[in-house]
Amino acid sequence: MTENALTDPTLFPVLAPYQTGFLDRPDGNRIFFALSGNPAGKPVLLLHGGPGSGMSDSARRHFDPAVWRIVQFDQRGCGKSTPNAGDFGNKLADNTTQHLIGDIEALRQRLGVESWLVFGSSWGATLALVYAQAFPGQVRAIILAGVTTTRWAEIDWLYNGLSIFLPEAFENFVAAIPEPLRDRHPVSAYHALLNDTDLAVRHKAAFDWHHWEAGSISAEPQAGLPLRWQDPAFVLARARLCVHYFENRAWLEDSQLLRQAHKLAGIPGVLIQGRFDLQGPPATAFALAKAWPGSEPVMIENAGHSTGDRGMAEAIVAAANGFADGA
């Protein structure tokens with residue numbers, strides 16, 4: 001999120017959660033969750049990006065706290081959920097897309113939610129689609145921003161093809177890969193580096209990964225890494241989760257979410273997309289809108305991938321307010 005977004009009057013004030021807790025899973029994972037807004041309000045689930053970015057105060061500012069019962073959680077391996085992906089002893093064998101879907105359903109049942117609005121941005125958009133296609137009866141409506149479906153073409157674009165727009169940054173990104181690994185795709189090479197036995201190697205790879213991503217997250221000028229991305233523990237956990245999911249193509253068949261978009265028929269959706277989104281180009285949102293009956297694409301001119309870019313917050317708030325009025 002850009003610095004301008006932190007004081008954006010479009011957004012609702014930051015309010016502390018009224019309840020936090022842990023969802024204990026049978027495999028030993030503990031999923032941290034937080035509830036905000038109106039305890040008797042309409043339920044909305046917010047799915048964070050990354051993978052591994054963790055939930056944020058800013059995300060819930062798009063939803064009127066007087067209207068919504070806002071549910072957030074840290075996906076496996078990040079934030080306050082344990083075990084953390086930055087722990088080298090955590091081999092991430094129990095951290096897959098299907099594990100996350102199981103966590104969402106278990107949380108819904110724990111909270112006594114019959115059905116909810118689901119919001120996801122970036123990787124959270126992919127996760128929202130996987131969940132809704134698996135459990136369409138539990139989803140009232142969907143709002144997506146920075147639309148992704150995590151096809152291999154999208155992964156390859158972000159860590160390879162995007163080099164045509166950012167040649168200097170890409171040169172640094174691949175130069176940081178040791179010579180023996182340079183015949184690999186950058187995702188595969190960084191997967192090896194972020195699982196190296198040497199902590200110093202893992203830390204350096206985590207920051208190199210984030211410096212590459214930071215160059216394309218927004219259509220607005222950025223000065224260095226976002227604040228959270230300057231924390232060594234945060235970037236290590238997030239980068240390790242990113243390469244884990246992308247090396248395994250999110251455990252999805254290629255184009256699965258587009259092919260199965262018909263399962264979303266009857267679920268209204270708003271697809272909010274920045275015209276100049278380099279990380280998740282508009283072609284994905286366009287293809288999804290064509291495949292998903294009842295979805296509405298909303299193109300934000302001059303915006304990039306960040307929900308903090310101009311026009312993105314207004315569109316998310318408007319979509320949420322529309323579903324609040326219509327629910």
# chains A, B, ... in the order shown; residues from 1 in each chain; ligands from 1

$ select_by_dssp --residues "segment 36-212 of chain A" --states "alpha helix (DSSP H)" --output "ChimeraX atom specification"
/A:57-60,97-111,123-134,152-159,167-175,186-193,199-212

$ residues_around --residues "segment 263-273 of chain A" --least-positions-apart "5" --cutoff "7 Å" --atoms "only C-alpha atoms" --output "PyMOL selection string"
chain A and resi 132-133+136+140-147+282+285+292-300+315+319

$ residues_around --residues "segment 158-175 of chain A" --least-positions-apart "6" --cutoff "12 Å" --atoms "only C-alpha atoms" --output "number ranges by chain"
A: 148, 150-152, 181-190, 204-217, 242-243, 246-247, 276-281, 305

$ write_last_selection --atoms "N, CA and C atoms" --output "compact mmCIF listing (two decimals), in the first residue's frame"
# COMPACT_ATOMS: atom_id res chain seq x y z
N THR A 148 -5.68 -12.33 -9.94
CA THR A 148 -4.75 -13.38 -10.36
C THR A 148 -5.47 -14.73 -10.27
N THR A 150 -3.07 -17.46 -10.76
CA THR A 150 -1.84 -18.22 -10.53
C THR A 150 -1.63 -19.32 -11.57
N ARG A 151 -1.96 -19.02 -12.82
CA ARG A 151 -1.55 -19.89 -13.92
C ARG A 151 -0.03 -19.77 -14.09
N TRP A 152 0.57 -20.79 -14.72
CA TRP A 152 2.01 -20.71 -14.94
C TRP A 152 2.36 -19.49 -15.78
N LEU A 181 23.07 -22.13 -10.59
CA LEU A 181 21.61 -22.18 -10.62
C LEU A 181 21.01 -21.35 -11.76
N ARG A 182 21.86 -20.71 -12.56
CA ARG A 182 21.34 -19.76 -13.54
C ARG A 182 20.68 -20.40 -14.76
N ASP A 183 20.79 -21.72 -14.89
CA ASP A 183 20.08 -22.37 -15.98
C ASP A 183 18.63 -22.66 -15.61
N ARG A 184 18.27 -22.38 -14.37
CA ARG A 184 16.90 -22.62 -13.91
C ARG A 184 16.03 -21.38 -14.11
N HIS A 185 14.72 -21.60 -14.11
CA HIS A 185 13.79 -20.46 -14.06
C HIS A 185 14.05 -19.72 -12.75
N PRO A 186 13.93 -18.38 -12.72
CA PRO A 186 14.19 -17.64 -11.48
C PRO A 186 13.41 -18.16 -10.28
N VAL A 187 12.17 -18.58 -10.46
CA VAL A 187 11.40 -19.10 -9.33
C VAL A 187 12.08 -20.35 -8.77
N SER A 188 12.51 -21.24 -9.63
CA SER A 188 13.17 -22.46 -9.20
C SER A 188 14.51 -22.16 -8.53
N ALA A 189 15.25 -21.22 -9.10
CA ALA A 189 16.55 -20.85 -8.52
C ALA A 189 16.37 -20.26 -7.13
N TYR A 190 15.42 -19.35 -6.99
CA TYR A 190 15.20 -18.74 -5.68
C TYR A 190 14.60 -19.74 -4.69
N LYS A 204 19.68 -13.20 2.22
CA LYS A 204 20.02 -12.40 1.04
C LYS A 204 19.02 -12.66 -0.08
N ALA A 205 18.68 -13.93 -0.31
CA ALA A 205 17.73 -14.27 -1.36
C ALA A 205 16.36 -13.65 -1.09
N ALA A 206 15.96 -13.62 0.17
CA ALA A 206 14.66 -13.04 0.53
C ALA A 206 14.60 -11.57 0.18
N PHE A 207 15.67 -10.83 0.47
CA PHE A 207 15.67 -9.40 0.14
C PHE A 207 15.81 -9.18 -1.36
N ASP A 208 16.60 -9.99 -2.04
CA ASP A 208 16.71 -9.86 -3.50
C ASP A 208 15.36 -10.10 -4.16
N TRP A 209 14.63 -11.08 -3.66
CA TRP A 209 13.28 -11.39 -4.17
C TRP A 209 12.35 -10.19 -4.00
N HIS A 210 12.39 -9.59 -2.83
CA HIS A 210 11.48 -8.47 -2.54
C HIS A 210 11.88 -7.19 -3.28
N HIS A 211 13.17 -6.99 -3.50
CA HIS A 211 13.57 -5.82 -4.29
C HIS A 211 13.02 -5.93 -5.71
N TRP A 212 13.00 -7.13 -6.26
CA TRP A 212 12.42 -7.31 -7.59
C TRP A 212 10.92 -7.01 -7.56
N GLU A 213 10.20 -7.59 -6.61
CA GLU A 213 8.75 -7.38 -6.56
C GLU A 213 8.40 -5.92 -6.32
N ALA A 214 9.17 -5.22 -5.51
CA ALA A 214 8.85 -3.84 -5.13
C ALA A 214 8.83 -2.91 -6.34
N GLY A 215 9.60 -3.25 -7.37
CA GLY A 215 9.70 -2.36 -8.53
C GLY A 215 8.46 -2.30 -9.39
N SER A 216 7.52 -3.25 -9.18
CA SER A 216 6.36 -3.30 -10.08
C SER A 216 5.02 -3.33 -9.35
N ILE A 217 5.03 -3.13 -8.04
CA ILE A 217 3.79 -3.31 -7.29
C ILE A 217 2.80 -2.16 -7.49
N CYS A 242 6.31 -17.66 -1.00
CA CYS A 242 6.10 -17.36 -2.43
C CYS A 242 6.74 -18.42 -3.31
N VAL A 243 8.00 -18.73 -3.06
CA VAL A 243 8.67 -19.70 -3.93
C VAL A 243 8.08 -21.09 -3.75
N PHE A 246 4.75 -20.96 -5.78
CA PHE A 246 4.92 -20.76 -7.22
C PHE A 246 5.73 -21.89 -7.85
N GLU A 247 6.69 -22.45 -7.14
CA GLU A 247 7.43 -23.61 -7.66
C GLU A 247 6.48 -24.78 -7.87
N PHE A 276 -2.76 -0.42 -15.43
CA PHE A 276 -1.32 -0.54 -15.55
C PHE A 276 -0.74 -1.49 -14.50
N ASP A 277 -1.50 -2.53 -14.19
CA ASP A 277 -1.05 -3.55 -13.24
C ASP A 277 -0.02 -4.43 -13.95
N LEU A 278 1.25 -4.26 -13.59
CA LEU A 278 2.30 -5.05 -14.20
C LEU A 278 2.40 -6.44 -13.59
N GLN A 279 2.08 -6.55 -12.30
CA GLN A 279 2.21 -7.86 -11.64
C GLN A 279 1.07 -8.80 -12.01
N GLY A 280 -0.10 -8.26 -12.19
CA GLY A 280 -1.25 -9.07 -12.60
C GLY A 280 -1.94 -8.38 -13.75
N PRO A 281 -1.41 -8.49 -14.97
CA PRO A 281 -1.95 -7.74 -16.11
C PRO A 281 -3.45 -7.95 -16.32
N HIS A 305 -0.91 -2.57 -9.38
CA HIS A 305 -1.32 -3.75 -8.64
C HIS A 305 -1.73 -3.43 -7.21

$ residues_around --residues "segment 51-59 of chain A" --least-positions-apart "2" --cutoff "7 Å" --atoms "only C-alpha atoms" --output "list of chain:residue names"
A:Val14, A:His48, A:Gly49, A:Arg61, A:His62, A:Gln72, A:Phe73, A:Asp74, A:Gln75, A:Gly77, A:Cys78, A:Gly79, A:Trp123, A:Ala237, A:Arg238, A:Leu241, A:Cys242

$ closest_atom_pairs --of "segment 210-323 of chain A" --to "segment 97-109 of chain A" --cutoff "9 Å" --atoms "only C-alpha atoms" --output "tab-separated table"
residue	atom	partner	partner_atom	distance
A:Tyr245	CA	A:Thr97	CA	8.0
A:Ala250	CA	A:Thr97	CA	6.1
A:Trp251	CA	A:Thr97	CA	6.5
A:Leu252	CA	A:Thr97	CA	8.2

$ write_last_selection --atoms "N, CA, C and O atoms" --output "CSV table (one decimal), in the first residue's frame"
chain,number,residue,atom,x,y,z
A,245,TYR,N,4.9,-21.9,-3.1
A,245,TYR,CA,3.7,-21.9,-3.8
A,245,TYR,C,3.9,-21.8,-5.3
A,245,TYR,O,3.3,-22.6,-6.1
A,250,ALA,N,1.0,-23.6,-7.2
A,250,ALA,CA,-0.2,-23.5,-6.3
A,250,ALA,C,-1.0,-24.8,-6.2
A,250,ALA,O,-2.1,-24.7,-5.8
A,251,TRP,N,-0.4,-25.9,-6.7
A,251,TRP,CA,-1.2,-27.2,-6.6
A,251,TRP,C,-2.5,-27.1,-7.4
A,251,TRP,O,-3.5,-27.7,-7.0
A,252,LEU,N,-2.4,-26.3,-8.5
A,252,LEU,CA,-3.6,-26.2,-9.3
A,252,LEU,C,-3.2,-26.6,-10.7
A,252,LEU,O,-2.1,-26.4,-11.2

$ atom_distance --atom1 "atom CA of Pro26 of chain A" --atom2 "atom CA of Leu46 of chain A"
23.3 Å

$ atom_distance --atom1 "atom CA of Gly86 of chain A" --atom2 "atom CA of Phe234 of chain A"
7.9 Å

$ residues_around --residues "Gly41 of chain A" --least-positions-apart "3" --cutoff "7 Å" --atoms "only C-alpha atoms" --output "ChimeraX atom specification"
/A:38,67-69

$ atom_distance --atom1 "atom CA of Lys80 of chain A" --atom2 "atom CA of Thr126 of chain A"
21.9 Å

$ select_by_dssp --residues "segment 46-185 of chain A" --states "strand (DSSP E)" --output "PyMOL selection string"
chain A and resi 46-47+68-73+116-121+139-145

$ write_last_selection --atoms "C-alpha atoms" --output "compact mmCIF listing (two decimals), in the first residue's frame"
# COMPACT_ATOMS: atom_id res chain seq x y z
CA LEU A 46 -10.56 -10.91 3.86
CA LEU A 47 -7.86 -13.02 2.20
CA TRP A 68 -19.59 -5.69 8.51
CA ARG A 69 -18.32 -8.45 10.77
CA ILE A 70 -14.79 -8.49 9.38
CA VAL A 71 -12.91 -11.79 9.54
CA GLN A 72 -9.16 -11.92 8.89
CA PHE A 73 -6.56 -14.60 9.42
CA TRP A 116 -20.02 -14.63 3.71
CA LEU A 117 -18.74 -12.07 1.28
CA VAL A 118 -15.18 -12.97 0.29
CA PHE A 119 -12.59 -10.33 -0.59
CA GLY A 120 -9.15 -11.17 -1.95
CA SER A 121 -6.35 -9.14 -3.49
CA VAL A 139 -20.11 -17.60 -0.61
CA ARG A 140 -22.66 -14.78 -0.96
CA ALA A 141 -20.52 -12.58 -3.18
CA ILE A 142 -16.90 -11.95 -4.14
CA ILE A 143 -14.77 -8.83 -4.53
CA LEU A 144 -11.37 -9.28 -6.15
CA ALA A 145 -8.63 -6.70 -6.64
